[in-house]
There are 2 protein chains.
Amino acid sequence: MLTTTDPRTGVSAITALEPTTRSGVDAVAERAAKAASELHRRGRGFRAALLDAVAASVEAARDRLVSTADAETGLGAARLNGEVSRSAFQFKLFAEAVREGSLVEAMIDHGAETILGPAPDVRRMLVPIGPVAVFGSSNFPFAFSVLGGDTASAIAAGSPVVIKAHGSHLLTSQLSLEVLQEAARATDAPEGTFNVVFGQEAGLALVVHPAIRAASFTGSLAAAESLQRAINRRPDPIPFFGELSSINPIVITEGAARARGADIAAGLFASFTGSAGQLCTKPGVAFIPAGASGDALVESLKRSTAEAHPQVLLNDRIRASFGAISERLVKGGAARVAIGFDLPVSATDTGGRSSGGFTVAPTMLETSAALLTEELAEECFGPLIVVARYSALEEVREAFARIPKSLTATLHVEDDEAAVTAELSPVMEASAGRIVFNSYPTGVRVTWAQHHGGPWPATNSQHTSVGVTAVRRFLRPVAWQNAPQAALPEELRDSYEAIPRRIDGLLVLPGPDRGSGR
Amino acid sequence: MLTTTDPRTGVSAITALEPTTRSGVDAVAERAAKAASELHRRGRGFRAALLDAVAASVEAARDRLVSTADAETGLGAARLNGEVSRSAFQFKLFAEAVREGSLVEAMIDHGAETILGPAPDVRRMLVPIGPVAVFGSSNFPFAFSVLGGDTASAIAAGSPVVIKAHGSHLLTSQLSLEVLQEAARATDAPEGTFNVVFGQEAGLALVVHPAIRAASFTGSLAAAESLQRAINRRPDPIPFFGELSSINPIVITEGAARARGADIAAGLFASFTGSAGQLCTKPGVAFIPAGASGDALVESLKRSTAEAHPQVLLNDRIRASFGAISERLVKGGAARVAIGFDLPVSATDTGGRSSGGFTVAPTMLETSAALLTEELAEECFGPLIVVARYSALEEVREAFARIPKSLTATLHVEDDEAAVTAELSPVMEASAGRIVFNSYPTGVRVTWAQHHGGPWPATNSQHTSVGVTAVRRFLRPVAWQNAPQAALPEELRDSYEAIPRRIDGLLVLPGPDRGSGR
């Protein structure tokens, strides 16, 4: 039997869930394979309707979802309600995108006499890759789990999904599956469209199953590497999209520190402690200028940190890792300048601590940019930030070259510091997938233009896991040459004009029946 | 010193080329890294001009290119002239695509009050990934080598390129580099934009060099696996795009055999023996119906094969492999029904044979679809085809499930056999990246809608290596959040309207200055 634990108390409760056996994984993967061809056959209109139905089903189950997840994660009702909204929104946005149809990248090149001789008619679009294995994250029980963006991406692509539930929120995952099944029933979706497996062994069995055609993962580098090794041993390796590790450097210029140091200190504190610092976009290193304005900003951040309540982490492994990494950073030369636990704990905190919950103290460490090594820029999941003081921008640029690349890089800069922006922009672009100006990297907008990815080790791919273009991960191109109209997908037939298509090299917007889908 | 060999005589000539040393590889990769930021900075207009200049430079060197390559490959002037034209065309087409601008996938989502609260301005586009390592193929000394589609793709993306020259055409590669350098001089391109390294060790050193950000490869599964293993050992694994192995099944229906059996036999013969069968899209297995029409088709194909002249392969390794695989297939149960060498050889052939050139006999083997195993569908580079006779379509479908997946799958079918098309279409779509109707898979049109890729082992990626969308392999997305206009790439600024962009979810075509690039 699998167990989950209340992170506020550390008390484990045996749930009713058995780990999925190897034969259970086989059965699930084969169900998904059967669903794949039927889902593909039903086309874009059906997928969009299914995504909308999931959104409605999520909203309808909101209260049960939030309370179940709160008991398993300790993330609190406010954050979890926001996450349910985001999850529902994601399914609706992806439904719209599927109807709009650009995602299939339809292209038609008519047969022609060309400079290279007679050329055949060639038509291309993206088709579903087949059943997708999704590894749910620890830190987003909804938006990056069973009801998450990867599930939405797979369905939008036309691919069934098998989600490996994260061990920290098994009951939430089970309930989430029921929510998906409700939507499947409402739309008469193929049996096997949505599936969940439980347990680490099941996850490993899943990525090597012949029916699984792609996998996505949000979590640690070590876990990703073990999955990647298993995939490499397949006779037919499959694409594996991992969102892995990110330190998310943030740079405060002299001008910004002077103009709005107190605001920045408050924003930075909120950003590194929000969701108990358990966000992949948490700013882990802040470059703050030497001098009076920088000192004041640092002082303010120090005060907020020292006054902060202890925070509940998701599980014991994350708490242990938080402790170990903090120690490593201090041994590596970062000074511990503020710890929330130094203050007398409040009544609510005491409950957590005395009962053995997974609580830790928000922590601020300090070093100089010149001394910031790769080791001092180790990602620490939880409410910890390393402040790196700098005297010259050159030190920041050099530090960026040493520290690992990230999902995000952030710059707080004033309008009259254009030279600084110009100097740092190429460095940030080379180091991260999203460049944030005068705000904070946490809080990832779900939209068309979002990119949640970045150079290794942020991710292992050239694709995003948030936003509409995330669907591309689960599609593959197919070209048809001289095909009769009836053998073509609807989107590539001469008479179809409902989506943007590239025809003989020219992008053509939809005709009058735009957006009708099918 | 490296040597190349005249494949018509088997005589080796020591060339003036030394294998590139490890420090030579370092120097080249660092030059490319320096060129990368400058090439990126110059923007799309410059890249397009450079691609056009390469096309002109290729045309200007046509005669020298063809004669040099003919001596090293034995492919003949007609084929090589065609390939030079294709190479030049490719650079021009990619220049056009860069000017058109859709490739950068520009998207703008303005800041807004949303259902999830206030959302920041987010803008995304694809930027160059950085220096690309390209492994030239044996069989296309131009179109898949130094002057090939991967070089065009990298430059179109804005990435410098380091090509590992194929050992079978070293002098052609050296001359090709000079052709590229000529274009670089004409456009004042950054030093280090184009680079070539020689020797297998240099290739391995290249893919693990920190400056190299992506690699592409056309060649054997075994060579790809050794490069992939090296890449996996990098501290920062990079994307590796391999075009690997393909059997390219072709299915002839009963109706097609009856209506145009003789034409199909002639077309199939031309397709499997063209370029001495050394094409990744060569049809390696042909499903031909039992019965009189199928018998006639097979007889005709047999006759053409038996009457065929010996053909010159590219190198001794390919010749040895052709012999070994033919033997394996016969041992595995395929009957040898026609061999070109059975006929008295003509005067020209004798020259080839007696002088030890890399000649082989076009070969036709036969089996039944029911007996066609994975082993009998082993790719054999060179002029060999396995005919698999079938009595029921079910046998073809079952055989497709057993044999490896491919770049292409082809169907010859009559208009009144719509049920057959409907039954086989999903099978072919699942098995290949391009579905060809009533023609032949060899001859890959270079265009927007082309897809030259397919499920493993055809390729290891969801991207093409031929056609305009091949550029996507060497791009990565970056998002900017709340960025000042000056910090944005030109394509994402409010005032820029020269390329298609997605604005607040809606695709918007260019304004009046369309296509001006920059």
# chains A, B, ... in the order shown; residues from 1 in each chain; ligands from 1
>>> interface_residues(of="chain B", to="chain A", cutoff="7 Å", atoms="only C-alpha atoms", output="VMD selection string")
chain B and resid 86 107 to 109 116 119 122 to 124 236 421 to 422 425 433 to 437 445 448 to 451 456 to 457 462 476 to 483 487 505
>>> select_by_dssp(residues="stretch 280-416 of chain B", states="strand (DSSP E or B)", output="NGL selection string")
:B and (285-289 or 311-312 or 335-339 or 359-360 or 363-368 or 384-390 or 406-412)
>>> closest_residue(among="B:Leu17, B:Ala334, B:Met364, B:Leu313", to="B:Leu376", atoms="only C-alpha atoms")
B:Ala334
>>> residues_around(residues="B:Ala338", least_positions_apart="6", cutoff="12 Å", atoms="only C-alpha atoms", output="list in words")
Val298, Glu299, Ser300, Leu301, Lys302, Arg303, Ser304, Thr305, Ala306, Glu307, Ala308, Ala361, Pro362, Thr363, Met364, Leu365, Glu366, Pro383, Leu384, Ile385, Val386 and Val387 of chain B
>>> write_last_selection(atoms="N, CA and C atoms", output="compact mmCIF listing (two decimals), in the first residue's frame")
# COMPACT_ATOMS: atom_id res chain seq x y z
N VAL B 298 6.43 -8.70 -61.31
CA VAL B 298 7.65 -9.26 -60.75
C VAL B 298 8.59 -9.73 -61.86
N GLU B 299 8.00 -10.36 -62.88
CA GLU B 299 8.83 -10.82 -64.01
C GLU B 299 9.55 -9.66 -64.66
N SER B 300 8.82 -8.60 -64.87
CA SER B 300 9.38 -7.43 -65.52
C SER B 300 10.52 -6.82 -64.69
N LEU B 301 10.30 -6.73 -63.37
CA LEU B 301 11.31 -6.19 -62.46
C LEU B 301 12.54 -7.10 -62.45
N LYS B 302 12.27 -8.40 -62.49
CA LYS B 302 13.34 -9.39 -62.48
C LYS B 302 14.22 -9.21 -63.73
N ARG B 303 13.53 -9.03 -64.88
CA ARG B 303 14.24 -8.89 -66.14
C ARG B 303 15.14 -7.64 -66.11
N SER B 304 14.56 -6.53 -65.67
CA SER B 304 15.35 -5.28 -65.61
C SER B 304 16.55 -5.47 -64.70
N THR B 305 16.34 -6.14 -63.59
CA THR B 305 17.45 -6.31 -62.64
C THR B 305 18.53 -7.20 -63.23
N ALA B 306 18.09 -8.31 -63.83
CA ALA B 306 19.07 -9.25 -64.39
C ALA B 306 19.86 -8.62 -65.52
N GLU B 307 19.25 -7.71 -66.24
CA GLU B 307 19.93 -7.05 -67.37
C GLU B 307 20.76 -5.85 -66.94
N ALA B 308 20.69 -5.52 -65.66
CA ALA B 308 21.32 -4.26 -65.22
C ALA B 308 22.83 -4.38 -65.16
N ALA B 361 26.41 -5.81 -58.02
CA ALA B 361 25.35 -6.13 -58.95
C ALA B 361 24.00 -5.76 -58.37
N PRO B 362 23.18 -5.02 -59.13
CA PRO B 362 21.80 -4.81 -58.71
C PRO B 362 21.16 -6.16 -58.39
N THR B 363 20.44 -6.22 -57.29
CA THR B 363 19.98 -7.50 -56.78
C THR B 363 18.51 -7.44 -56.38
N MET B 364 17.78 -8.47 -56.76
CA MET B 364 16.37 -8.55 -56.38
C MET B 364 16.16 -9.85 -55.63
N LEU B 365 15.62 -9.73 -54.41
CA LEU B 365 15.32 -10.91 -53.60
C LEU B 365 13.81 -11.05 -53.50
N GLU B 366 13.36 -12.25 -53.17
CA GLU B 366 11.91 -12.43 -53.06
C GLU B 366 11.57 -13.25 -51.83
N PRO B 383 21.98 -1.08 -54.53
CA PRO B 383 20.87 -1.46 -55.41
C PRO B 383 20.31 -2.84 -55.09
N LEU B 384 19.55 -2.93 -54.01
CA LEU B 384 18.93 -4.20 -53.63
C LEU B 384 17.50 -3.95 -53.20
N ILE B 385 16.62 -4.83 -53.65
CA ILE B 385 15.21 -4.73 -53.24
C ILE B 385 14.71 -6.11 -52.86
N VAL B 386 13.85 -6.14 -51.84
CA VAL B 386 13.20 -7.39 -51.43
C VAL B 386 11.73 -7.30 -51.84
N VAL B 387 11.33 -8.22 -52.70
CA VAL B 387 9.92 -8.26 -53.09
C VAL B 387 9.19 -9.22 -52.15
>>> select_by_dssp(residues="stretch 362-495 of chain A", states="alpha helix (DSSP H)", output="list in words")
Leu393, Glu394, Glu395, Val396, Arg397, Glu398, Ala399, Phe400, Ala401, Arg402, Ala418, Ala419, Val420, Thr421, Ala422, Glu423, Leu424, Ser425, Pro426, Val427, Met428, Glu429, Ala430 and Ser431 of chain A
>>> atom_distance(atom1="atom CA of A:Val98", atom2="atom CA of B:Glu113")
23.3 Å
>>> closest_residue(among="B:Val471, B:Leu279, B:Ala202, B:Val146", to="B:Val161", atoms="only C-alpha atoms")
B:Val146
>>> residues_around(residues="A:Glu394", least_positions_apart="4", cutoff="12 Å", atoms="only C-alpha atoms", output="PyMOL selection string")
chain A and resi 287+289+369-370+390+398-401+420+423-424+427
>>> write_last_selection(atoms="N, CA, C and O atoms", output="PDB file, in the first residue's frame")
ATOM      1  N   PHE A 287      21.604  39.379  -7.499  1.00  0.00           N
ATOM      2  CA  PHE A 287      22.781  40.250  -7.591  1.00  0.00           C
ATOM      3  C   PHE A 287      22.367  41.653  -7.148  1.00  0.00           C
ATOM      4  O   PHE A 287      21.514  42.279  -7.790  1.00  0.00           O
ATOM      5  N   PRO A 289      23.698  45.543  -5.824  1.00  0.00           N
ATOM      6  CA  PRO A 289      24.901  46.380  -5.898  1.00  0.00           C
ATOM      7  C   PRO A 289      25.471  46.697  -4.512  1.00  0.00           C
ATOM      8  O   PRO A 289      24.739  46.758  -3.524  1.00  0.00           O
ATOM      9  N   ALA A 369      29.465  38.619  -5.741  1.00  0.00           N
ATOM     10  CA  ALA A 369      29.363  38.113  -7.116  1.00  0.00           C
ATOM     11  C   ALA A 369      30.683  37.500  -7.559  1.00  0.00           C
ATOM     12  O   ALA A 369      30.707  36.478  -8.242  1.00  0.00           O
ATOM     13  N   ALA A 370      31.779  38.106  -7.115  1.00  0.00           N
ATOM     14  CA  ALA A 370      33.095  37.615  -7.528  1.00  0.00           C
ATOM     15  C   ALA A 370      33.352  36.218  -6.978  1.00  0.00           C
ATOM     16  O   ALA A 370      34.083  35.431  -7.575  1.00  0.00           O
ATOM     17  N   TYR A 390      27.694  43.024  -5.747  1.00  0.00           N
ATOM     18  CA  TYR A 390      28.660  43.321  -6.810  1.00  0.00           C
ATOM     19  C   TYR A 390      29.001  44.803  -6.831  1.00  0.00           C
ATOM     20  O   TYR A 390      28.185  45.649  -6.431  1.00  0.00           O
ATOM     21  N   GLU A 398      30.481  38.011 -15.442  1.00  0.00           N
ATOM     22  CA  GLU A 398      31.374  36.866 -15.241  1.00  0.00           C
ATOM     23  C   GLU A 398      30.688  35.778 -14.414  1.00  0.00           C
ATOM     24  O   GLU A 398      30.873  34.584 -14.672  1.00  0.00           O
ATOM     25  N   ALA A 399      29.916  36.186 -13.433  1.00  0.00           N
ATOM     26  CA  ALA A 399      29.211  35.195 -12.607  1.00  0.00           C
ATOM     27  C   ALA A 399      28.191  34.427 -13.448  1.00  0.00           C
ATOM     28  O   ALA A 399      28.043  33.204 -13.312  1.00  0.00           O
ATOM     29  N   PHE A 400      27.488  35.128 -14.328  1.00  0.00           N
ATOM     30  CA  PHE A 400      26.521  34.454 -15.219  1.00  0.00           C
ATOM     31  C   PHE A 400      27.202  33.357 -16.038  1.00  0.00           C
ATOM     32  O   PHE A 400      26.603  32.330 -16.336  1.00  0.00           O
ATOM     33  N   ALA A 401      28.448  33.602 -16.396  1.00  0.00           N
ATOM     34  CA  ALA A 401      29.159  32.590 -17.200  1.00  0.00           C
ATOM     35  C   ALA A 401      29.498  31.360 -16.370  1.00  0.00           C
ATOM     36  O   ALA A 401      29.687  30.278 -16.912  1.00  0.00           O
ATOM     37  N   VAL A 420      23.154  49.638 -19.337  1.00  0.00           N
ATOM     38  CA  VAL A 420      23.187  48.424 -18.515  1.00  0.00           C
ATOM     39  C   VAL A 420      22.312  47.349 -19.150  1.00  0.00           C
ATOM     40  O   VAL A 420      22.708  46.181 -19.272  1.00  0.00           O
ATOM     41  N   GLU A 423      24.011  45.925 -22.062  1.00  0.00           N
ATOM     42  CA  GLU A 423      25.152  45.071 -21.727  1.00  0.00           C
ATOM     43  C   GLU A 423      24.679  43.705 -21.211  1.00  0.00           C
ATOM     44  O   GLU A 423      25.275  42.676 -21.521  1.00  0.00           O
ATOM     45  N   LEU A 424      23.611  43.702 -20.424  1.00  0.00           N
ATOM     46  CA  LEU A 424      23.198  42.440 -19.799  1.00  0.00           C
ATOM     47  C   LEU A 424      22.245  41.608 -20.661  1.00  0.00           C
ATOM     48  O   LEU A 424      22.124  40.400 -20.462  1.00  0.00           O
ATOM     49  N   VAL A 427      23.659  38.499 -22.312  1.00  0.00           N
ATOM     50  CA  VAL A 427      24.065  37.539 -21.278  1.00  0.00           C
ATOM     51  C   VAL A 427      22.841  36.797 -20.751  1.00  0.00           C
ATOM     52  O   VAL A 427      22.832  35.569 -20.594  1.00  0.00           O
TER      53      VAL A 427
END
>>> residues_around(residues="A:Ile247", least_positions_apart="2", cutoff="6 Å", atoms="only C-alpha atoms", output="compact mmCIF listing (two decimals) with N, CA, C and O atoms, in the first residue's frame")
# COMPACT_ATOMS: atom_id res chain seq x y z
N PRO A 249 18.55 33.59 -11.72
CA PRO A 249 19.24 34.77 -11.22
C PRO A 249 18.41 36.04 -11.44
O PRO A 249 17.69 36.16 -12.43
N GLY A 284 16.80 32.23 -7.02
CA GLY A 284 17.71 31.58 -6.08
C GLY A 284 18.96 32.39 -5.81
O GLY A 284 19.62 32.22 -4.80
N GLU A 379 20.71 24.82 -6.99
CA GLU A 379 19.29 25.05 -6.73
C GLU A 379 18.91 24.44 -5.38
O GLU A 379 19.24 23.29 -5.08
N SER A 406 19.26 28.72 -16.71
CA SER A 406 18.00 28.73 -15.97
C SER A 406 16.78 28.86 -16.87
O SER A 406 16.89 29.18 -18.05
>>> atom_distance(atom1="atom CA of B:Met1", atom2="atom CA of B:Phe135")
20.0 Å
>>> atom_distance(atom1="atom CA of B:Ser168", atom2="atom CA of B:Asp316")
9.7 Å
>>> residues_around(residues="B:Arg8", least_positions_apart="3", cutoff="7 Å", atoms="only C-alpha atoms", output="list in words")
Gly74, Val312, Gly352, Gly357 and Phe358 of chain B
>>> residues_around(residues="A:Gly203", least_positions_apart="3", cutoff="12 Å", atoms="only C-alpha atoms", output="PyMOL selection string")
chain A and resi 19-22+24-26+28-29+133-136+162-167+196-200+206-209+212+215-217+223-224+226-228+230-231
